[in-house]
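Source file: my_file.pdb (PDB, C-alpha atoms)
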```
ATOM      1  CA  HIS Y  23       3.308   0.903  10.503  1.00  0.00           C
ATOM      2  CA  GLN Y  24       5.178   4.106   9.746  1.00  0.00           C
ATOM      3  CA  LYS Y  25       7.689   3.683   6.951  1.00  0.00           C
ATOM      4  CA  LYS Y  26      11.306   4.344   7.919  1.00  0.00           C
ATOM      5  CA  ILE Y  27      13.365   6.325   5.450  1.00  0.00           C
ATOM      6  CA  LEU Y  28      17.133   6.718   5.502  1.00  0.00           C
ATOM      7  CA  PHE Y  29      18.006  10.020   3.840  1.00  0.00           C
ATOM      8  CA  VAL Y  30      21.698  10.252   2.910  1.00  0.00           C
ATOM      9  CA  GLU Y  31      22.639  13.804   1.906  1.00  0.00           C
ATOM     10  CA  GLY Y  32      25.697  15.894   2.750  1.00  0.00           C
ATOM     11  CA  ASP Y  33      24.022  19.312   2.360  1.00  0.00           C
ATOM     12  CA  LEU Y  34      22.476  20.101   5.765  1.00  0.00           C
ATOM     13  CA  GLY Y  35      20.336  23.016   4.538  1.00  0.00           C
ATOM     14  CA  ALA Y  36      18.555  21.046   1.838  1.00  0.00           C
ATOM     15  CA  SER Y  37      18.378  18.017   4.109  1.00  0.00           C
ATOM     16  CA  GLN Y  38      16.423  19.754   6.856  1.00  0.00           C
ATOM     17  CA  THR Y  39      13.730  20.934   4.437  1.00  0.00           C
ATOM     18  CA  LEU Y  40      13.275  17.524   2.855  1.00  0.00           C
ATOM     19  CA  LYS Y  41      13.415  15.756   6.234  1.00  0.00           C
ATOM     20  CA  LEU Y  42      10.610  17.999   7.503  1.00  0.00           C
ATOM     21  CA  LEU Y  43       8.532  17.384   4.388  1.00  0.00           C
ATOM     22  CA  LEU Y  44       8.896  13.616   4.704  1.00  0.00           C
ATOM     23  CA  GLU Y  45       7.980  13.728   8.390  1.00  0.00           C
ATOM     24  CA  THR Y  46       4.829  15.739   7.621  1.00  0.00           C
ATOM     25  CA  HIS Y  47       3.856  12.907   5.253  1.00  0.00           C
ATOM     26  CA  GLY Y  48       4.094  10.444   8.148  1.00  0.00           C
ATOM     27  CA  TYR Y  49       7.515   8.923   7.536  1.00  0.00           C
ATOM     28  CA  VAL Y  50      10.113   8.298  10.222  1.00  0.00           C
ATOM     29  CA  VAL Y  51      13.278   9.869   8.803  1.00  0.00           C
ATOM     30  CA  PHE Y  52      16.853   9.018   9.699  1.00  0.00           C
ATOM     31  CA  HIS Y  53      19.369  11.453   8.240  1.00  0.00           C
ATOM     32  CA  ALA Y  54      23.009  10.656   7.511  1.00  0.00           C
ATOM     33  CA  THR Y  55      25.526  13.157   6.141  1.00  0.00           C
ATOM     34  CA  SER Y  56      28.154  10.580   5.174  1.00  0.00           C
ATOM     35  CA  SER Y  57      28.374   7.060   3.859  1.00  0.00           C
ATOM     36  CA  GLN Y  58      29.836   5.887   7.165  1.00  0.00           C
ATOM     37  CA  ALA Y  59      26.870   7.278   9.111  1.00  0.00           C
ATOM     38  CA  ALA Y  60      24.460   5.810   6.559  1.00  0.00           C
ATOM     39  CA  LEU Y  61      25.862   2.299   6.884  1.00  0.00           C
ATOM     40  CA  GLN Y  62      25.708   2.532  10.696  1.00  0.00           C
ATOM     41  CA  THR Y  63      22.062   3.679  10.542  1.00  0.00           C
ATOM     42  CA  LEU Y  64      21.082   0.589   8.570  1.00  0.00           C
ATOM     43  CA  VAL Y  65      20.944  -1.434  11.796  1.00  0.00           C
ATOM     44  CA  ASN Y  66      17.422   0.044  12.091  1.00  0.00           C
ATOM     45  CA  LYS Y  67      14.740  -1.609   9.967  1.00  0.00           C
ATOM     46  CA  ILE Y  68      14.752   0.781   7.014  1.00  0.00           C
ATOM     47  CA  ASP Y  69      12.038   0.647   4.333  1.00  0.00           C
ATOM     48  CA  LEU Y  70      13.716   2.931   1.770  1.00  0.00           C
ATOM     49  CA  ILE Y  71      17.020   4.728   1.205  1.00  0.00           C
ATOM     50  CA  LEU Y  72      17.247   8.144  -0.472  1.00  0.00           C
ATOM     51  CA  LEU Y  73      20.880   8.370  -1.533  1.00  0.00           C
ATOM     52  CA  ASP Y  74      22.757  11.373  -2.916  1.00  0.00           C
ATOM     53  CA  LEU Y  75      25.652  10.672  -5.262  1.00  0.00           C
ATOM     54  CA  VAL Y  76      27.917  13.314  -3.721  1.00  0.00           C
ATOM     55  CA  LEU Y  77      28.934  12.559  -0.137  1.00  0.00           C
ATOM     56  CA  PRO Y  78      31.933  13.849   1.812  1.00  0.00           C
ATOM     57  CA  ASP Y  79      33.646  10.491   2.388  1.00  0.00           C
ATOM     58  CA  GLN Y  80      32.764   8.381  -0.693  1.00  0.00           C
ATOM     59  CA  SER Y  81      30.371   8.389  -3.613  1.00  0.00           C
ATOM     60  CA  GLY Y  82      26.770   7.289  -3.431  1.00  0.00           C
ATOM     61  CA  PHE Y  83      27.694   4.678  -6.020  1.00  0.00           C
ATOM     62  CA  GLU Y  84      30.035   3.009  -3.548  1.00  0.00           C
ATOM     63  CA  VAL Y  85      27.400   3.114  -0.785  1.00  0.00           C
ATOM     64  CA  CYS Y  86      24.850   1.539  -3.143  1.00  0.00           C
ATOM     65  CA  ARG Y  87      27.372  -1.134  -4.113  1.00  0.00           C
ATOM     66  CA  GLN Y  88      28.064  -2.003  -0.452  1.00  0.00           C
ATOM     67  CA  ILE Y  89      24.369  -2.199   0.417  1.00  0.00           C
ATOM     68  CA  LYS Y  90      23.494  -4.393  -2.564  1.00  0.00           C
ATOM     69  CA  ARG Y  91      26.376  -6.792  -1.792  1.00  0.00           C
ATOM     70  CA  ASN Y  92      25.175  -7.296   1.780  1.00  0.00           C
ATOM     71  CA  GLN Y  93      22.629 -10.143   2.019  1.00  0.00           C
ATOM     72  CA  ASN Y  94      20.983  -8.569   5.064  1.00  0.00           C
ATOM     73  CA  LEU Y  95      20.508  -5.185   3.364  1.00  0.00           C
ATOM     74  CA  ASN Y  96      20.165  -5.790  -0.377  1.00  0.00           C
ATOM     75  CA  HIS Y  97      16.356  -6.004  -0.194  1.00  0.00           C
ATOM     76  CA  ILE Y  98      16.077  -2.313   0.807  1.00  0.00           C
ATOM     77  CA  PRO Y  99      14.968  -0.180  -2.154  1.00  0.00           C
ATOM     78  CA  ILE Y 100      17.230   2.743  -3.072  1.00  0.00           C
ATOM     79  CA  ILE Y 101      16.348   5.969  -4.850  1.00  0.00           C
ATOM     80  CA  MET Y 102      19.488   7.796  -5.929  1.00  0.00           C
ATOM     81  CA  PHE Y 103      19.578  11.496  -6.731  1.00  0.00           C
ATOM     82  CA  SER Y 104      22.043  14.034  -8.027  1.00  0.00           C
ATOM     83  CA  ALA Y 105      22.183  17.652  -9.174  1.00  0.00           C
ATOM     84  CA  ILE Y 106      24.330  16.706 -12.149  1.00  0.00           C
ATOM     85  CA  GLY Y 107      22.009  14.253 -13.878  1.00  0.00           C
ATOM     86  CA  LEU Y 108      24.407  12.799 -16.416  1.00  0.00           C
ATOM     87  CA  SER Y 109      23.012   9.894 -18.364  1.00  0.00           C
ATOM     88  CA  LYS Y 110      26.038   7.740 -17.509  1.00  0.00           C
ATOM     89  CA  ASP Y 111      25.472   8.346 -13.767  1.00  0.00           C
ATOM     90  CA  ILE Y 112      21.820   7.336 -14.008  1.00  0.00           C
ATOM     91  CA  ILE Y 113      22.708   4.175 -15.916  1.00  0.00           C
ATOM     92  CA  GLU Y 114      25.478   3.272 -13.471  1.00  0.00           C
ATOM     93  CA  GLY Y 115      23.064   3.760 -10.560  1.00  0.00           C
ATOM     94  CA  PHE Y 116      20.595   1.347 -12.114  1.00  0.00           C
ATOM     95  CA  TYR Y 117      23.315  -1.215 -12.848  1.00  0.00           C
ATOM     96  CA  LEU Y 118      24.434  -1.042  -9.221  1.00  0.00           C
ATOM     97  CA  GLY Y 119      20.910  -1.855  -8.050  1.00  0.00           C
ATOM     98  CA  ALA Y 120      19.200   1.513  -7.526  1.00  0.00           C
ATOM     99  CA  ASP Y 121      15.431   1.277  -7.971  1.00  0.00           C
ATOM    100  CA  ASP Y 122      14.967   4.840  -9.200  1.00  0.00           C
ATOM    101  CA  PHE Y 123      16.941   7.992  -9.912  1.00  0.00           C
ATOM    102  CA  LEU Y 124      15.952  11.652  -9.512  1.00  0.00           C
ATOM    103  CA  ILE Y 125      17.688  14.793 -10.685  1.00  0.00           C
ATOM    104  CA  LYS Y 126      17.798  17.748  -8.287  1.00  0.00           C
ATOM    105  CA  PRO Y 127      15.880  19.949  -7.966  1.00  0.00           C
ATOM    106  CA  PHE Y 128      12.826  17.709  -8.031  1.00  0.00           C
ATOM    107  CA  GLU Y 129       9.181  18.224  -7.148  1.00  0.00           C
ATOM    108  CA  TYR Y 130       8.361  16.966  -3.654  1.00  0.00           C
ATOM    109  CA  ASP Y 131       5.092  15.408  -4.837  1.00  0.00           C
ATOM    110  CA  GLU Y 132       6.997  13.457  -7.475  1.00  0.00           C
ATOM    111  CA  LEU Y 133       9.487  12.269  -4.857  1.00  0.00           C
ATOM    112  CA  ILE Y 134       6.689  11.040  -2.568  1.00  0.00           C
ATOM    113  CA  ALA Y 135       4.959   9.279  -5.482  1.00  0.00           C
ATOM    114  CA  ARG Y 136       8.195   7.594  -6.557  1.00  0.00           C
ATOM    115  CA  MET Y 137       8.973   6.559  -2.978  1.00  0.00           C
ATOM    116  CA  GLU Y 138       5.555   4.955  -2.578  1.00  0.00           C
ATOM    117  CA  ALA Y 139       5.858   3.177  -5.946  1.00  0.00           C
ATOM    118  CA  VAL Y 140       9.328   1.822  -5.151  1.00  0.00           C
ATOM    119  CA  MET Y 141       8.256   0.624  -1.703  1.00  0.00           C
ATOM    120  CA  ARG Y 142       5.133  -0.990  -3.165  1.00  0.00           C
ATOM    121  CA  ARG Y 143       7.219  -2.872  -5.737  1.00  0.00           C
ATOM    122  CA  GLY Y 144       9.719  -3.829  -3.063  1.00  0.00           C
ATOM    123  CA  SER Y 145       7.223  -5.186  -0.547  1.00  0.00           C
ATOM    124  CA  VAL Y 146       8.229  -8.814  -0.839  1.00  0.00           C
ATOM    125  CA  SER Y 147       7.499 -11.233   1.909  1.00  0.00           C
ATOM    126  CA  PRO Y 148      10.358 -11.792   4.354  1.00  0.00           C
ATOM    127  CA  ILE Y 149       9.622 -15.555   4.245  1.00  0.00           C
ATOM    128  CA  ILE Y 150      10.754 -15.887   0.634  1.00  0.00           C
ATOM    129  CA  GLY Y 151      14.264 -17.234   0.475  1.00  0.00           C
ATOM    130  CA  ARG Y 152      14.275 -18.692   3.988  1.00  0.00           C
ATOM    131  CA  GLN Y 153      15.737 -22.095   4.570  1.00  0.00           C
ATOM    132  CA  GLU Y 154      13.423 -25.065   5.004  1.00  0.00           C
ATOM    133  CA  GLY Y 155      12.459 -25.673   8.573  1.00  0.00           C
ATOM    134  CA  HIS Y 156       9.395 -25.217  10.685  1.00  0.00           C
ATOM    135  CA  VAL Y 157       6.622 -25.097   8.083  1.00  0.00           C
ATOM    136  CA  GLU Y 158       3.886 -24.132  10.571  1.00  0.00           C
ATOM    137  CA  GLU Y 159       5.940 -21.216  11.927  1.00  0.00           C
ATOM    138  CA  ASP Y 160       6.720 -20.033   8.402  1.00  0.00           C
ATOM    139  CA  ILE Y 161       3.041 -20.090   7.455  1.00  0.00           C
ATOM    140  CA  ILE Y 162       2.079 -18.150  10.573  1.00  0.00           C
ATOM    141  CA  LEU Y 163       4.825 -15.586   9.928  1.00  0.00           C
ATOM    142  CA  GLU Y 164       3.711 -15.287   6.305  1.00  0.00           C
ATOM    143  CA  LEU Y 165       0.075 -14.742   7.296  1.00  0.00           C
ATOM    144  CA  ARG Y 166       1.043 -12.166   9.932  1.00  0.00           C
ATOM    145  CA  TYR Y 167       3.136 -10.346   7.340  1.00  0.00           C
ATOM    146  CA  VAL Y 168       0.276 -10.288   4.818  1.00  0.00           C
ATOM    147  CA  VAL Y 169      -2.177  -8.964   7.427  1.00  0.00           C
ATOM    148  CA  ASP Y 170       0.233  -6.417   8.965  1.00  0.00           C
ATOM    149  CA  GLU Y 171       1.231  -5.006   5.585  1.00  0.00           C
ATOM    150  CA  GLU Y 172      -2.425  -4.969   4.419  1.00  0.00           C
ATOM    151  CA  LEU Y 173      -1.489  -6.893   1.278  1.00  0.00           C
ATOM    152  CA  VAL Y 174      -4.935  -8.463   0.941  1.00  0.00           C
ATOM    153  CA  VAL Y 175      -7.971  -6.357   0.137  1.00  0.00           C
ATOM    154  CA  PRO Y 176     -11.295  -8.120   0.743  1.00  0.00           C
ATOM    155  CA  VAL Y 177     -13.842  -7.809  -2.051  1.00  0.00           C
ATOM    156  CA  PHE Y 178     -17.376  -9.156  -1.686  1.00  0.00           C
ATOM    157  CA  GLN Y 179     -19.225 -10.390  -4.738  1.00  0.00           C
ATOM    158  CA  PRO Y 180     -22.739 -11.790  -4.463  1.00  0.00           C
ATOM    159  CA  ILE Y 181     -23.445 -15.227  -5.928  1.00  0.00           C
ATOM    160  CA  TYR Y 182     -26.902 -15.339  -7.503  1.00  0.00           C
ATOM    161  CA  TYR Y 183     -29.226 -18.234  -8.159  1.00  0.00           C
ATOM    162  CA  LEU Y 184     -30.161 -17.554 -11.798  1.00  0.00           C
ATOM    163  CA  ASP Y 185     -33.708 -19.015 -11.802  1.00  0.00           C
ATOM    164  CA  ASP Y 186     -35.169 -16.445  -9.415  1.00  0.00           C
ATOM    165  CA  TYR Y 187     -32.199 -14.089  -8.937  1.00  0.00           C
ATOM    166  CA  ARG Y 188     -31.905 -14.631  -5.209  1.00  0.00           C
ATOM    167  CA  ILE Y 189     -28.581 -14.386  -3.494  1.00  0.00           C
ATOM    168  CA  LEU Y 190     -27.044 -17.730  -2.543  1.00  0.00           C
ATOM    169  CA  GLY Y 191     -23.936 -16.362  -0.879  1.00  0.00           C
ATOM    170  CA  TRP Y 192     -21.044 -13.940  -0.999  1.00  0.00           C
TER     171      TRP Y 192
END
```

Rewrite the structure of this file - the entire thing - as structure tokens.
Amino acid sequence: HQKKILFVEGDLGASQTLKLLLETHGYVVFHATSSQAALQTLVNKIDLILLDLVLPDQSGFEVCRQIKRNQNLNHIPIIMFSAIGLSKDIIEGFYLGADDFLIKPFEYDELIARMEAVMRRGSVSPIIGRQEGHVEEDIILELRYVVDEELVVPVFQPIYYLDDYRILGW
């Protein structure tokens, strides 16, 4: 499925360029210019949040804090970014739960690579952490998740009979 990205950035000019770039890479992009709009957009199933530190209504730190405190949202990976790039800001972002941090301006290829890496690390099964209940339903949901997310890659290895080197199976 197409990955859904929430891009939270107050600067409309820079936002449009990056939004277009992400869409050309096949992402569905939701753009929010404020923390309030960002939190409202999270009702959609979002795969990754790109979060600027400087927003018109509150800091990106506060948005990150709110997301990570919410049990329904705290699984969503967050990449924070800022033009300032102070070491203390980067460290605070990581302590609040950000998965990565970029300093503007950044290379678009690096951003895409970091996004993919963060989403790969964050692709944890939705079954983990569920309450005990219907075991059969949980197993079916787990298997559907594994197949849908293409988390299993089949590899075929021949099994040889060593006396005459004929293949016994795969």

Using 5 Å of padding on each side, determine the axis-aligned box around all atoms of range 104-120 of chain Y present in the file and give its centre and edge lengths in Å to one decimal, as JSON.
```
{"center_x": 22.6, "center_y": 7.9, "center_z": -12.9, "size_x": 16.8, "size_y": 29.5, "size_z": 20.8}
```

| request: Could you list the residues chosen by the PyMOL selection byres ((chain Y and resi 67-75) around 6) in this structure as a list of chain:residue names? | output: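 Applying the expression gives Y:Lys25, Y:Lys26, Y:Ile27, Y:Leu28, Y:Phe29, Y:Val30, Y:Glu31, Y:Asn66, Y:Val76, Y:Ser81, Y:Gly82, Y:Ile98, Y:Pro99, Y:Ile100, Y:Ile101, Y:Met102, Y:Phe103, Y:Ser104.
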
Next, write the just-selected residues to a file, as a PDB file, in the coordinates of the input, keeping C-alpha atoms as the atom set.
```pdb
ATOM      1  CA  LYS Y  25       7.689   3.683   6.951  1.00  0.00           C
ATOM      2  CA  LYS Y  26      11.306   4.344   7.919  1.00  0.00           C
ATOM      3  CA  ILE Y  27      13.365   6.325   5.450  1.00  0.00           C
ATOM      4  CA  LEU Y  28      17.133   6.718   5.502  1.00  0.00           C
ATOM      5  CA  PHE Y  29      18.006  10.020   3.840  1.00  0.00           C
ATOM      6  CA  VAL Y  30      21.698  10.252   2.910  1.00  0.00           C
ATOM      7  CA  GLU Y  31      22.639  13.804   1.906  1.00  0.00           C
ATOM      8  CA  ASN Y  66      17.422   0.044  12.091  1.00  0.00           C
ATOM      9  CA  VAL Y  76      27.917  13.314  -3.721  1.00  0.00           C
ATOM     10  CA  SER Y  81      30.371   8.389  -3.613  1.00  0.00           C
ATOM     11  CA  GLY Y  82      26.770   7.289  -3.431  1.00  0.00           C
ATOM     12  CA  ILE Y  98      16.077  -2.313   0.807  1.00  0.00           C
ATOM     13  CA  PRO Y  99      14.968  -0.180  -2.154  1.00  0.00           C
ATOM     14  CA  ILE Y 100      17.230   2.743  -3.072  1.00  0.00           C
ATOM     15  CA  ILE Y 101      16.348   5.969  -4.850  1.00  0.00           C
ATOM     16  CA  MET Y 102      19.488   7.796  -5.929  1.00  0.00           C
ATOM     17  CA  PHE Y 103      19.578  11.496  -6.731  1.00  0.00           C
ATOM     18  CA  SER Y 104      22.043  14.034  -8.027  1.00  0.00           C
TER      19      SER Y 104
END
```

| Minimum-distance residue to Met137 in chain Y, chosen among Y:Tyr49, Y:Tyr167, Y:Gly191, Y:Thr55 (using all atoms listed in the file) |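 Counting all atoms listed in the file, the residue closest to Met137 in chain Y is Y:Tyr49.
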
| said: Report as a PyMOL selection string all protein, DNA and RNA residues lying within 12 Å of Pro127 in chain Y, evaluated on all atoms listed in the file, omitting residues in the same chain fewer than 6 positions from it. | reply: chain Y and resi 36+40+103-107+133

| note | Restricting to all atoms listed in the file, whichever of Y:Ile134, Y:Val140, Y:Leu108, Y:Gln24 is closest to Asp122 in chain Y is Y:Val140

| query | Smallest atom-to-atom distance to Pro78 in chain Y: which of Y:Ala120, Y:Val169, Y:Asp33, Y:Leu64, using all atoms listed in the file? | reply |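 Checking each candidate against Pro78 in chain Y, we get Y:Asp33 as the closest.
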
| Quick one: distance from CA of Gly119 in chain Y to CA of His53 in chain Y in Å, one decimal? |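 According to the coordinates, CA of Gly119 in chain Y and CA of His53 in chain Y are separated by 21.1 Å.
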
| said: If we count all atoms listed in the file and set the cut-off at 10 Å, which residues sit around Tyr182 in chain Y, ignoring sequence neighbours fewer than 5 positions away in its own chain? Please answer as a list in words. | reply: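 Counting all atoms listed in the file, the residues come to Tyr187, Arg188, Ile189, Leu190, Gly191 and Trp192 of chain Y.
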
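Put simply, the PyMOL selection byres ((chain Y and resi 88) around 12) on this file hits Y:Ser57, Y:Gln58, Y:Ala60, Y:Leu61, Y:Leu64, Y:Gln80, Y:Ser81, Y:Gly82, Y:Phe83, Y:Glu84, Y:Val85, Y:Cys86, Y:Arg87, Y:Ile89, Y:Lys90, Y:Arg91, Y:Asn92, Y:Gln93, Y:Asn94, Y:Leu95, Y:Asn96, Y:Leu118, Y:Gly119, Y:Ala120.
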
Just need range 47-123 of chain Y in a file, please: C-alpha atoms, as a PDB file, in the first residue's frame.
```pdb
ATOM      1  CA  HIS Y  47       8.104   9.068  -4.906  1.00  0.00           C
ATOM      2  CA  GLY Y  48       4.685   7.459  -4.429  1.00  0.00           C
ATOM      3  CA  TYR Y  49       3.768   8.700  -0.964  1.00  0.00           C
ATOM      4  CA  VAL Y  50       0.366  10.047   0.019  1.00  0.00           C
ATOM      5  CA  VAL Y  51       1.161  13.355   1.730  1.00  0.00           C
ATOM      6  CA  PHE Y  52      -0.975  15.197   4.249  1.00  0.00           C
ATOM      7  CA  HIS Y  53       0.303  18.687   5.010  1.00  0.00           C
ATOM      8  CA  ALA Y  54      -0.362  20.604   8.219  1.00  0.00           C
ATOM      9  CA  THR Y  55       0.856  24.142   8.902  1.00  0.00           C
ATOM     10  CA  SER Y  56       0.192  24.070  12.648  1.00  0.00           C
ATOM     11  CA  SER Y  57       0.293  21.655  15.535  1.00  0.00           C
ATOM     12  CA  GLN Y  58      -3.491  21.828  15.847  1.00  0.00           C
ATOM     13  CA  ALA Y  59      -3.960  20.812  12.204  1.00  0.00           C
ATOM     14  CA  ALA Y  60      -1.346  18.074  12.592  1.00  0.00           C
ATOM     15  CA  LEU Y  61      -3.087  16.488  15.568  1.00  0.00           C
ATOM     16  CA  GLN Y  62      -6.434  16.574  13.724  1.00  0.00           C
ATOM     17  CA  THR Y  63      -4.864  14.902  10.663  1.00  0.00           C
ATOM     18  CA  LEU Y  64      -3.680  11.972  12.763  1.00  0.00           C
ATOM     19  CA  VAL Y  65      -7.158  10.426  12.578  1.00  0.00           C
ATOM     20  CA  ASN Y  66      -5.936   9.082   9.205  1.00  0.00           C
ATOM     21  CA  LYS Y  67      -3.683   6.026   9.350  1.00  0.00           C
ATOM     22  CA  ILE Y  68      -0.308   7.753   9.107  1.00  0.00           C
ATOM     23  CA  ASP Y  69       2.904   5.776   8.518  1.00  0.00           C
ATOM     24  CA  LEU Y  70       5.392   8.573   9.281  1.00  0.00           C
ATOM     25  CA  ILE Y  71       5.436  12.145  10.586  1.00  0.00           C
ATOM     26  CA  LEU Y  72       7.888  14.773   9.313  1.00  0.00           C
ATOM     27  CA  LEU Y  73       7.824  17.427  12.020  1.00  0.00           C
ATOM     28  CA  ASP Y  74       9.392  20.890  11.974  1.00  0.00           C
ATOM     29  CA  LEU Y  75      10.447  22.355  15.307  1.00  0.00           C
ATOM     30  CA  VAL Y  76       9.137  25.841  14.517  1.00  0.00           C
ATOM     31  CA  LEU Y  77       5.357  26.012  14.158  1.00  0.00           C
ATOM     32  CA  PRO Y  78       3.062  29.021  14.522  1.00  0.00           C
ATOM     33  CA  ASP Y  79       1.044  27.762  17.504  1.00  0.00           C
ATOM     34  CA  GLN Y  80       3.492  25.604  19.523  1.00  0.00           C
ATOM     35  CA  SER Y  81       6.865  23.949  19.158  1.00  0.00           C
ATOM     36  CA  GLY Y  82       7.462  20.677  17.384  1.00  0.00           C
ATOM     37  CA  PHE Y  83       8.773  19.398  20.704  1.00  0.00           C
ATOM     38  CA  GLU Y  84       5.337  19.809  22.256  1.00  0.00           C
ATOM     39  CA  VAL Y  85       3.652  18.091  19.290  1.00  0.00           C
ATOM     40  CA  CYS Y  86       6.100  15.181  19.571  1.00  0.00           C
ATOM     41  CA  ARG Y  87       5.443  14.966  23.308  1.00  0.00           C
ATOM     42  CA  GLN Y  88       1.657  14.832  22.773  1.00  0.00           C
ATOM     43  CA  ILE Y  89       1.922  12.156  20.086  1.00  0.00           C
ATOM     44  CA  LYS Y  90       4.252   9.943  22.120  1.00  0.00           C
ATOM     45  CA  ARG Y  91       1.984  10.184  25.197  1.00  0.00           C
ATOM     46  CA  ASN Y  92      -1.045   9.014  23.219  1.00  0.00           C
ATOM     47  CA  GLN Y  93      -1.327   5.198  23.206  1.00  0.00           C
ATOM     48  CA  ASN Y  94      -3.138   5.228  19.862  1.00  0.00           C
ATOM     49  CA  LEU Y  95      -0.465   7.351  18.155  1.00  0.00           C
ATOM     50  CA  ASN Y  96       2.859   6.653  19.872  1.00  0.00           C
ATOM     51  CA  HIS Y  97       3.776   3.882  17.408  1.00  0.00           C
ATOM     52  CA  ILE Y  98       4.027   6.378  14.509  1.00  0.00           C
ATOM     53  CA  PRO Y  99       7.672   7.149  13.688  1.00  0.00           C
ATOM     54  CA  ILE Y 100       8.677  10.822  13.751  1.00  0.00           C
ATOM     55  CA  ILE Y 101      11.499  12.549  11.905  1.00  0.00           C
ATOM     56  CA  MET Y 102      12.067  16.028  13.298  1.00  0.00           C
ATOM     57  CA  PHE Y 103      13.848  18.773  11.392  1.00  0.00           C
ATOM     58  CA  SER Y 104      15.023  22.303  11.987  1.00  0.00           C
ATOM     59  CA  ALA Y 105      17.078  25.021  10.309  1.00  0.00           C
ATOM     60  CA  ILE Y 106      18.858  25.791  13.564  1.00  0.00           C
ATOM     61  CA  GLY Y 107      20.410  22.404  14.278  1.00  0.00           C
ATOM     62  CA  LEU Y 108      21.570  22.980  17.832  1.00  0.00           C
ATOM     63  CA  SER Y 109      22.911  19.899  19.533  1.00  0.00           C
ATOM     64  CA  LYS Y 110      20.596  20.418  22.516  1.00  0.00           C
ATOM     65  CA  ASP Y 111      17.545  20.492  20.197  1.00  0.00           C
ATOM     66  CA  ILE Y 112      18.568  17.247  18.511  1.00  0.00           C
ATOM     67  CA  ILE Y 113      19.111  15.549  21.863  1.00  0.00           C
ATOM     68  CA  GLU Y 114      15.795  16.811  23.234  1.00  0.00           C
ATOM     69  CA  GLY Y 115      14.020  15.524  20.114  1.00  0.00           C
ATOM     70  CA  PHE Y 116      15.469  12.065  20.633  1.00  0.00           C
ATOM     71  CA  TYR Y 117      14.571  12.068  24.333  1.00  0.00           C
ATOM     72  CA  LEU Y 118      10.991  12.984  23.447  1.00  0.00           C
ATOM     73  CA  GLY Y 119      10.751   9.979  21.130  1.00  0.00           C
ATOM     74  CA  ALA Y 120      11.771  11.254  17.685  1.00  0.00           C
ATOM     75  CA  ASP Y 121      13.240   8.491  15.525  1.00  0.00           C
ATOM     76  CA  ASP Y 122      15.534  10.754  13.516  1.00  0.00           C
ATOM     77  CA  PHE Y 123      16.507  14.396  13.160  1.00  0.00           C
TER      78      PHE Y 123
END
```
